[in-house]
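Asks: The file below is upload19.txt, compact mmCIF, C-alpha atoms:
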```txt
# COMPACT_ATOMS: atom_id res chain seq x y z
CA ALA X 17 -92.59 168.40 311.94
CA GLN X 18 -90.25 165.94 313.51
CA SER X 19 -87.15 165.08 311.51
CA VAL X 20 -83.74 163.51 311.75
CA THR X 21 -80.77 164.73 309.75
CA GLN X 22 -77.53 162.89 309.14
CA PRO X 23 -75.43 165.40 307.23
CA ASP X 24 -72.74 162.96 306.13
CA ILE X 25 -73.81 160.48 303.46
CA HIS X 26 -70.42 158.79 303.27
CA ILE X 27 -67.49 158.75 305.68
CA THR X 28 -64.15 157.04 305.18
CA VAL X 29 -61.73 156.42 308.03
CA SER X 30 -58.61 154.36 308.45
CA GLU X 31 -58.68 151.35 310.69
CA GLY X 32 -57.67 152.35 314.19
CA ALA X 33 -58.74 155.96 313.73
CA SER X 34 -61.48 157.58 315.76
CA LEU X 35 -64.97 158.03 314.38
CA GLU X 36 -67.77 160.51 314.87
CA LEU X 37 -71.05 160.30 312.99
CA ARG X 38 -73.34 163.27 313.23
CA CYS X 39 -77.05 163.32 313.90
CA ASN X 40 -79.37 166.27 314.41
CA TYR X 41 -83.03 166.03 315.26
CA SER X 42 -86.02 168.29 315.29
CA TYR X 43 -88.60 167.46 317.91
CA GLY X 44 -90.52 169.64 320.30
CA ALA X 45 -90.28 167.49 323.38
CA THR X 46 -87.44 165.45 324.83
CA PRO X 47 -86.86 162.78 322.23
CA TYR X 48 -86.02 159.15 322.55
CA LEU X 49 -82.90 158.75 320.40
CA PHE X 50 -81.30 155.72 318.82
CA TRP X 51 -78.43 154.60 316.67
CA TYR X 52 -78.73 151.52 314.48
CA VAL X 53 -76.21 149.75 312.28
CA GLN X 54 -77.03 147.88 309.08
CA SER X 55 -74.46 145.54 307.56
CA PRO X 56 -74.94 144.39 303.97
CA GLY X 57 -77.67 141.83 303.65
CA GLN X 58 -78.69 142.17 307.26
CA GLY X 59 -81.36 143.98 309.20
CA LEU X 60 -80.83 146.98 311.37
CA GLN X 61 -79.27 146.31 314.77
CA LEU X 62 -79.70 148.62 317.73
CA LEU X 63 -76.37 150.05 318.92
CA LEU X 64 -77.59 152.28 321.71
CA LYS X 65 -80.46 154.43 322.88
CA TYR X 66 -81.05 157.53 324.98
CA PHE X 67 -84.15 158.34 326.94
CA SER X 68 -83.02 160.58 329.78
CA GLY X 69 -80.36 160.97 332.43
CA ASP X 70 -76.65 160.80 331.68
CA THR X 71 -76.15 162.39 328.31
CA LEU X 72 -73.29 160.07 327.39
CA VAL X 73 -74.58 156.61 326.63
CA GLN X 74 -72.62 153.47 325.99
CA GLY X 75 -73.65 150.90 323.47
CA ILE X 76 -72.56 147.64 321.98
CA LYS X 77 -69.43 147.10 319.89
CA GLY X 78 -67.56 149.89 321.68
CA PHE X 79 -69.80 152.70 320.47
CA GLU X 80 -70.99 155.64 322.51
CA ALA X 81 -73.17 158.65 321.81
CA GLU X 82 -73.65 162.01 323.43
CA PHE X 83 -76.93 163.86 323.66
CA LYS X 84 -76.61 167.64 323.47
CA ARG X 85 -79.94 169.34 323.93
CA SER X 86 -78.59 172.80 323.10
CA GLN X 87 -77.41 171.57 319.73
CA SER X 88 -80.26 169.11 319.10
CA SER X 89 -77.58 166.54 318.39
CA PHE X 90 -76.91 162.92 319.20
CA ASN X 91 -73.54 162.09 317.67
CA LEU X 92 -72.12 158.59 317.60
CA ARG X 93 -68.47 158.00 318.42
CA LYS X 94 -65.95 155.22 318.56
CA PRO X 95 -62.34 155.71 319.69
CA SER X 96 -60.79 153.14 317.37
CA VAL X 97 -62.56 151.79 314.31
CA HIS X 98 -62.23 148.19 313.18
CA TRP X 99 -62.62 146.98 309.61
CA SER X 100 -65.75 145.12 310.67
CA ASP X 101 -67.41 148.44 311.52
CA ALA X 102 -67.87 149.17 307.83
CA ALA X 103 -71.65 149.42 307.45
CA GLU X 104 -74.46 151.90 307.23
CA TYR X 105 -75.46 153.76 310.37
CA PHE X 106 -78.88 155.19 311.04
CA CYS X 107 -79.93 157.68 313.66
CA ALA X 108 -83.57 157.59 314.73
CA VAL X 109 -85.99 159.35 317.02
CA ALA X 110 -89.10 157.90 318.61
CA LEU X 111 -92.03 160.07 319.49
CA SER X 112 -92.57 159.54 323.18
CA GLY X 113 -95.73 157.68 324.04
CA THR X 114 -96.08 156.30 320.53
CA TYR X 115 -94.74 153.47 318.48
CA LYS X 116 -93.64 155.84 315.75
CA TYR X 117 -90.01 156.05 314.72
CA ILE X 118 -88.39 158.51 312.34
CA PHE X 119 -85.09 157.56 310.79
CA GLY X 120 -82.33 159.59 309.23
CA THR X 121 -81.10 158.80 305.74
CA GLY X 122 -78.03 157.03 307.04
CA THR X 123 -74.26 157.41 306.87
CA ARG X 124 -72.26 154.81 305.02
CA LEU X 125 -68.95 154.10 306.72
CA LYS X 126 -65.98 152.80 304.81
CA VAL X 127 -62.91 151.60 306.71
CA LEU X 128 -59.51 151.59 305.05
CA ALA X 129 -57.03 148.89 306.04
CA ASP D 20 -81.47 131.17 315.89
CA ALA D 21 -82.99 133.73 313.54
CA MET D 22 -85.43 135.91 315.43
CA VAL D 23 -87.15 137.97 312.72
CA ILE D 24 -87.45 136.19 309.42
CA GLN D 25 -88.54 137.70 306.17
CA ASN D 26 -89.52 135.74 303.10
CA PRO D 27 -88.65 135.94 300.39
CA ARG D 28 -85.41 137.93 300.56
CA TYR D 29 -85.85 138.99 296.95
CA GLN D 30 -89.16 139.35 295.16
CA VAL D 31 -89.80 140.33 291.58
CA THR D 32 -93.32 141.22 290.56
CA GLN D 33 -94.95 142.76 287.55
CA PHE D 34 -96.50 146.17 287.44
CA GLY D 35 -100.02 145.89 288.84
CA LYS D 36 -99.68 142.27 289.98
CA PRO D 37 -100.50 141.80 293.68
CA VAL D 38 -97.65 140.68 295.86
CA THR D 39 -97.38 139.54 299.47
CA LEU D 40 -94.32 139.80 301.67
CA SER D 41 -94.01 137.71 304.79
CA CYS D 42 -92.53 138.30 308.22
CA SER D 43 -92.34 135.87 311.10
CA GLN D 44 -90.79 136.14 314.53
CA THR D 45 -89.73 133.79 317.29
CA LEU D 46 -89.50 136.50 319.96
CA ASN D 47 -93.18 136.52 320.91
CA HIS D 48 -93.18 140.29 320.65
CA ASN D 49 -96.58 141.93 320.59
CA VAL D 50 -95.64 144.86 318.34
CA MET D 51 -94.74 144.40 314.68
CA TYR D 52 -93.77 147.05 312.15
CA TRP D 53 -93.41 147.37 308.41
CA TYR D 54 -91.00 149.90 306.94
CA GLN D 55 -90.29 150.85 303.35
CA GLN D 56 -86.71 151.80 302.54
CA LYS D 57 -85.96 153.16 299.11
CA SER D 58 -82.44 153.45 297.81
CA SER D 59 -80.39 156.01 299.75
CA GLN D 60 -83.40 157.02 301.80
CA ALA D 61 -84.44 156.60 305.40
CA PRO D 62 -86.61 153.67 306.43
CA LYS D 63 -90.16 154.97 306.42
CA LEU D 64 -92.76 153.52 308.75
CA LEU D 65 -95.80 152.22 306.87
CA PHE D 66 -97.81 150.78 309.76
CA HIS D 67 -97.57 148.77 312.91
CA TYR D 68 -99.60 146.31 314.91
CA TYR D 69 -99.94 146.53 318.66
CA ASP D 70 -101.21 143.04 319.34
CA LYS D 71 -104.11 142.84 316.89
CA ASP D 72 -104.65 146.57 316.70
CA PHE D 73 -103.62 147.93 313.33
CA ASN D 74 -102.10 151.43 313.17
CA ASN D 75 -101.70 152.95 309.76
CA GLU D 76 -99.47 155.94 309.13
CA ALA D 77 -101.40 158.84 307.64
CA ASP D 78 -99.28 158.99 304.51
CA THR D 79 -99.20 155.27 303.76
CA PRO D 80 -100.86 154.70 300.38
CA ASP D 81 -104.05 152.66 300.27
CA ASN D 82 -102.23 150.29 297.94
CA PHE D 83 -100.48 148.89 301.00
CA GLN D 84 -102.34 146.58 303.34
CA SER D 85 -101.30 144.32 306.16
CA ARG D 86 -102.52 141.24 307.96
CA ARG D 87 -101.49 139.73 311.24
CA PRO D 88 -103.19 136.36 311.69
CA ASN D 89 -101.34 135.57 314.91
CA THR D 90 -98.53 136.86 317.12
CA SER D 91 -95.80 135.27 315.05
CA PHE D 92 -96.74 136.28 311.53
CA CYS D 93 -97.35 139.53 309.73
CA PHE D 94 -97.90 140.07 306.02
CA LEU D 95 -97.52 143.08 303.78
CA ASP D 96 -99.83 143.07 300.77
CA ILE D 97 -99.26 145.43 297.87
CA ARG D 98 -102.43 145.33 295.85
CA SER D 99 -101.23 146.92 292.62
CA PRO D 100 -97.50 147.53 292.70
CA GLY D 101 -96.19 150.45 290.77
CA LEU D 102 -92.62 151.14 289.72
CA GLY D 103 -92.35 153.55 292.63
CA ASP D 104 -92.98 150.74 295.10
CA ALA D 105 -89.67 149.10 294.32
CA ALA D 106 -87.80 149.20 297.62
CA MET D 107 -86.47 147.21 300.53
CA TYR D 108 -89.25 146.29 302.94
CA LEU D 109 -88.21 145.84 306.53
CA CYS D 110 -90.12 144.08 309.24
CA ALA D 111 -89.38 144.80 312.88
CA THR D 112 -90.72 143.62 316.21
CA GLU D 113 -90.81 145.07 319.69
CA SER D 114 -92.06 144.03 323.07
CA SER D 115 -94.23 146.58 324.83
CA GLY D 116 -92.72 145.26 328.03
CA ARG D 117 -89.32 146.37 326.86
CA ALA D 118 -90.27 149.29 324.71
CA TYR D 119 -88.07 151.03 322.22
CA GLU D 120 -85.93 148.04 321.39
CA GLN D 121 -86.79 147.06 317.87
CA TYR D 122 -85.51 143.87 316.28
CA PHE D 123 -85.30 143.97 312.51
CA GLY D 124 -85.45 141.26 309.93
CA PRO D 125 -83.02 141.25 306.99
CA GLY D 126 -85.57 142.77 304.64
CA THR D 127 -87.19 141.81 301.35
CA ARG D 128 -86.00 143.61 298.26
CA LEU D 129 -88.92 144.14 295.90
CA THR D 130 -88.39 144.74 292.21
CA VAL D 131 -91.29 145.82 290.01
CA THR D 132 -90.95 145.18 286.30
```
Take the structure in the file and write it out as structure tokens.
Replies:
Amino acid sequence: AQSVTQPDIHITVSEGASLELRCNYSYGATPYLFWYVQSPGQGLQLLLKYFSGDTLVQGIKGFEAEFKRSQSSFNLRKPSVHWSDAAEYFCAVALSGTYKYIFGTGTRLKVLA
Amino acid sequence: DAMVIQNPRYQVTQFGKPVTLSCSQTLNHNVMYWYQQKSSQAPKLLFHYYDKDFNNEADTPDNFQSRRPNTSFCFLDIRSPGLGDAAMYLCATESSGRAYEQYFGPGTRLTVT
């Protein structure tokens, strides 16, 4: 069965430090992969997506993610975190040819001033 | 300039008392989704509409129904809410012309007493 795993429930980083959020997926075919951010009281916002091609994808707000097929991973990175990045981050996979999305359980990011 | 609107933001209902959650959109997207997100869990897809075509997930309980009277509006009906239905309910939209870019509303938090 298809699944998405985000092994880190909580992550705390200092402002200005680099960030990497982990995501692993299980899917037989080449997946469509996504990262979303959810700030308190708001809906999920799409940060970036990967379908094919260059395995390093750039997103909004200075985020990037790298697809590694050999590791079934799609980790999210940011070189320098800002206090406003504190939020919950969700990795998701879409089953190609469908309108079905599977989300991970999320990673809550806390940023220390 | 809200694009996906959910009303109400907070809903309290009694055990067994039917409740309806509302979602409207100004994006003219033809695909609309309903997700259930329980505390510390991944958003779980309940069903989606592709235009007027309703697509139910296999594991969505019969207690959950949906209506889409027009492109802009979609409703989630819970016929007999149980305590286990307490959750955040997220509505999302997507254009089939620009697939795999979901836009989420802020969610409705449902409490069952």
Asks: With the cut-off set at 6 Å and counting all atoms listed in the file, tabulate each residue of chain D with an atom at most that distance from an atom of chain X, showing the nearest atom pair and its distance in Å to one decimal, ordered by chain and increasing number, as JSON lines.
Replies:
```
{"residue": "D:Gln60", "atom": "CA", "partner": "X:Thr121", "partner_atom": "CA", "distance": 4.9}
{"residue": "D:Ala61", "atom": "CA", "partner": "X:Thr121", "partner_atom": "CA", "distance": 4.0}
{"residue": "D:Phe123", "atom": "CA", "partner": "X:Gly59", "partner_atom": "CA", "distance": 5.1}
{"residue": "D:Gly124", "atom": "CA", "partner": "X:Gly59", "partner_atom": "CA", "distance": 5.0}
{"residue": "D:Pro125", "atom": "CA", "partner": "X:Gly59", "partner_atom": "CA", "distance": 3.9}
```
Asks: Residues as selected, C-alpha atoms, written as a PDB file, in the coordinates of the input, can you do that?
Replies:
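The resulting file, selection_3.pdb, is reproduced below:
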```pdb
ATOM      1  CA  GLN D  60     -83.400 157.020 301.800  1.00  0.00           C
ATOM      2  CA  ALA D  61     -84.440 156.600 305.400  1.00  0.00           C
ATOM      3  CA  PHE D 123     -85.300 143.970 312.510  1.00  0.00           C
ATOM      4  CA  GLY D 124     -85.450 141.260 309.930  1.00  0.00           C
ATOM      5  CA  PRO D 125     -83.020 141.250 306.990  1.00  0.00           C
TER       6      PRO D 125
END
```
Asks: Could you please determine the separation between atom CA of Glu120 of chain D and atom CA of Tyr54 of chain D in Å, to one decimal place?
Replies: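 Between these atoms lies a distance of 15.4 Å.
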Asks: Can you pull out the residues contacting Ala106 of chain D? Cut-off 7 Å, using all atoms listed in the file, and skip same-chain residues under 6 positions away; I want them as a ChimeraX atom specification.
Replies: /D:55-58,128-129
Asks: Please provide as an MDAnalysis selection string all residues within 8 Å of Tyr41 of chain X, with the sequence filter that same-chain residues fewer than 4 positions apart are discarded (counting only C-alpha atoms).
Replies: chainID X and resid 18:21 88:90 109
Asks: Using Å and a single decimal, report how far atom CA of Pro23 of chain X sits from atom CA of Arg85 of chain X.
Replies: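 Separation of atom CA of Arg85 of chain X and atom CA of Pro23 of chain X: 17.7 Å.
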Asks: Using only C-alpha atoms, pick whichever of D:Ser99, D:Ser85, D:Thr132, D:Ser91 has the shortest atom-to-atom distance to Gly35 of chain D.
Replies: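 For Gly35 of chain D, the nearest of the given residues is D:Ser99.
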Asks: Reconstruct segment 68-93 of chain X at the level of N, CA, C and O atoms, and format the result as a compact mmCIF listing (two decimals), keeping the file's coordinate frame.
Replies:
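Okay, this is what ended up in part34.txt:
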```txt
# COMPACT_ATOMS: atom_id res chain seq x y z
N SER X 68 -83.18 159.48 328.83
CA SER X 68 -83.02 160.58 329.78
C SER X 68 -81.79 160.28 330.62
O SER X 68 -81.14 159.24 330.47
N GLY X 69 -81.45 161.20 331.50
CA GLY X 69 -80.36 160.97 332.43
C GLY X 69 -79.01 161.33 331.82
O GLY X 69 -78.89 162.32 331.09
N ASP X 70 -78.01 160.54 332.14
CA ASP X 70 -76.65 160.80 331.68
C ASP X 70 -76.63 160.98 330.17
O ASP X 70 -77.11 160.12 329.43
N THR X 71 -76.08 162.07 329.74
CA THR X 71 -76.15 162.39 328.31
C THR X 71 -75.14 161.63 327.48
O THR X 71 -75.18 161.68 326.25
N LEU X 72 -74.23 160.92 328.11
CA LEU X 72 -73.29 160.07 327.39
C LEU X 72 -73.72 158.63 327.60
O LEU X 72 -73.75 158.14 328.73
N VAL X 73 -74.08 157.97 326.52
CA VAL X 73 -74.58 156.61 326.63
C VAL X 73 -73.63 155.65 325.94
O VAL X 73 -73.07 155.96 324.90
N GLN X 74 -73.49 154.51 326.54
CA GLN X 74 -72.62 153.47 325.99
C GLN X 74 -73.48 152.43 325.29
O GLN X 74 -74.59 152.12 325.70
N GLY X 75 -72.93 151.91 324.21
CA GLY X 75 -73.65 150.90 323.47
C GLY X 75 -72.81 149.67 323.24
O GLY X 75 -71.77 149.48 323.86
N ILE X 76 -73.29 148.86 322.31
CA ILE X 76 -72.56 147.64 321.98
C ILE X 76 -71.44 147.95 321.00
O ILE X 76 -71.40 149.03 320.41
N LYS X 77 -70.53 147.03 320.85
CA LYS X 77 -69.43 147.10 319.89
C LYS X 77 -68.51 148.29 320.13
O LYS X 77 -67.84 148.75 319.20
N GLY X 78 -68.46 148.80 321.34
CA GLY X 78 -67.56 149.89 321.68
C GLY X 78 -68.02 151.27 321.28
O GLY X 78 -67.26 152.23 321.34
N PHE X 79 -69.26 151.41 320.87
CA PHE X 79 -69.80 152.70 320.47
C PHE X 79 -70.37 153.46 321.67
O PHE X 79 -70.85 152.87 322.63
N GLU X 80 -70.34 154.77 321.56
CA GLU X 80 -70.99 155.64 322.51
C GLU X 80 -71.61 156.82 321.77
O GLU X 80 -71.27 157.08 320.61
N ALA X 81 -72.54 157.48 322.42
CA ALA X 81 -73.17 158.65 321.81
C ALA X 81 -73.44 159.68 322.89
O ALA X 81 -73.67 159.34 324.05
N GLU X 82 -73.42 160.93 322.48
CA GLU X 82 -73.65 162.01 323.43
C GLU X 82 -74.83 162.85 323.00
O GLU X 82 -74.89 163.33 321.86
N PHE X 83 -75.76 163.04 323.89
CA PHE X 83 -76.93 163.86 323.66
C PHE X 83 -76.61 165.29 324.07
O PHE X 83 -76.19 165.53 325.21
N LYS X 84 -76.80 166.23 323.16
CA LYS X 84 -76.61 167.64 323.47
C LYS X 84 -77.89 168.38 323.12
O LYS X 84 -78.16 168.68 321.95
N ARG X 85 -78.63 168.70 324.15
CA ARG X 85 -79.94 169.34 323.93
C ARG X 85 -79.78 170.69 323.25
O ARG X 85 -80.54 171.03 322.35
N SER X 86 -78.77 171.45 323.64
CA SER X 86 -78.59 172.80 323.10
C SER X 86 -78.31 172.79 321.61
O SER X 86 -78.60 173.76 320.91
N GLN X 87 -77.73 171.69 321.14
CA GLN X 87 -77.41 171.57 319.73
C GLN X 87 -78.36 170.64 318.99
O GLN X 87 -78.19 170.41 317.79
N SER X 88 -79.33 170.09 319.69
CA SER X 88 -80.26 169.11 319.10
C SER X 88 -79.47 168.02 318.37
O SER X 88 -79.77 167.66 317.22
N SER X 89 -78.44 167.53 319.05
CA SER X 89 -77.58 166.54 318.39
C SER X 89 -77.46 165.28 319.24
O SER X 89 -77.65 165.30 320.46
N PHE X 90 -77.12 164.22 318.55
CA PHE X 90 -76.91 162.92 319.20
C PHE X 90 -75.86 162.21 318.35
O PHE X 90 -76.16 161.33 317.56
N ASN X 91 -74.62 162.60 318.52
CA ASN X 91 -73.54 162.09 317.67
C ASN X 91 -72.98 160.78 318.20
O ASN X 91 -72.82 160.59 319.40
N LEU X 92 -72.66 159.92 317.28
CA LEU X 92 -72.12 158.59 317.60
C LEU X 92 -70.60 158.62 317.49
O LEU X 92 -70.07 159.18 316.53
N ARG X 93 -69.93 157.98 318.44
CA ARG X 93 -68.47 158.00 318.42
C ARG X 93 -67.92 156.60 318.71
O ARG X 93 -68.57 155.77 319.36
```
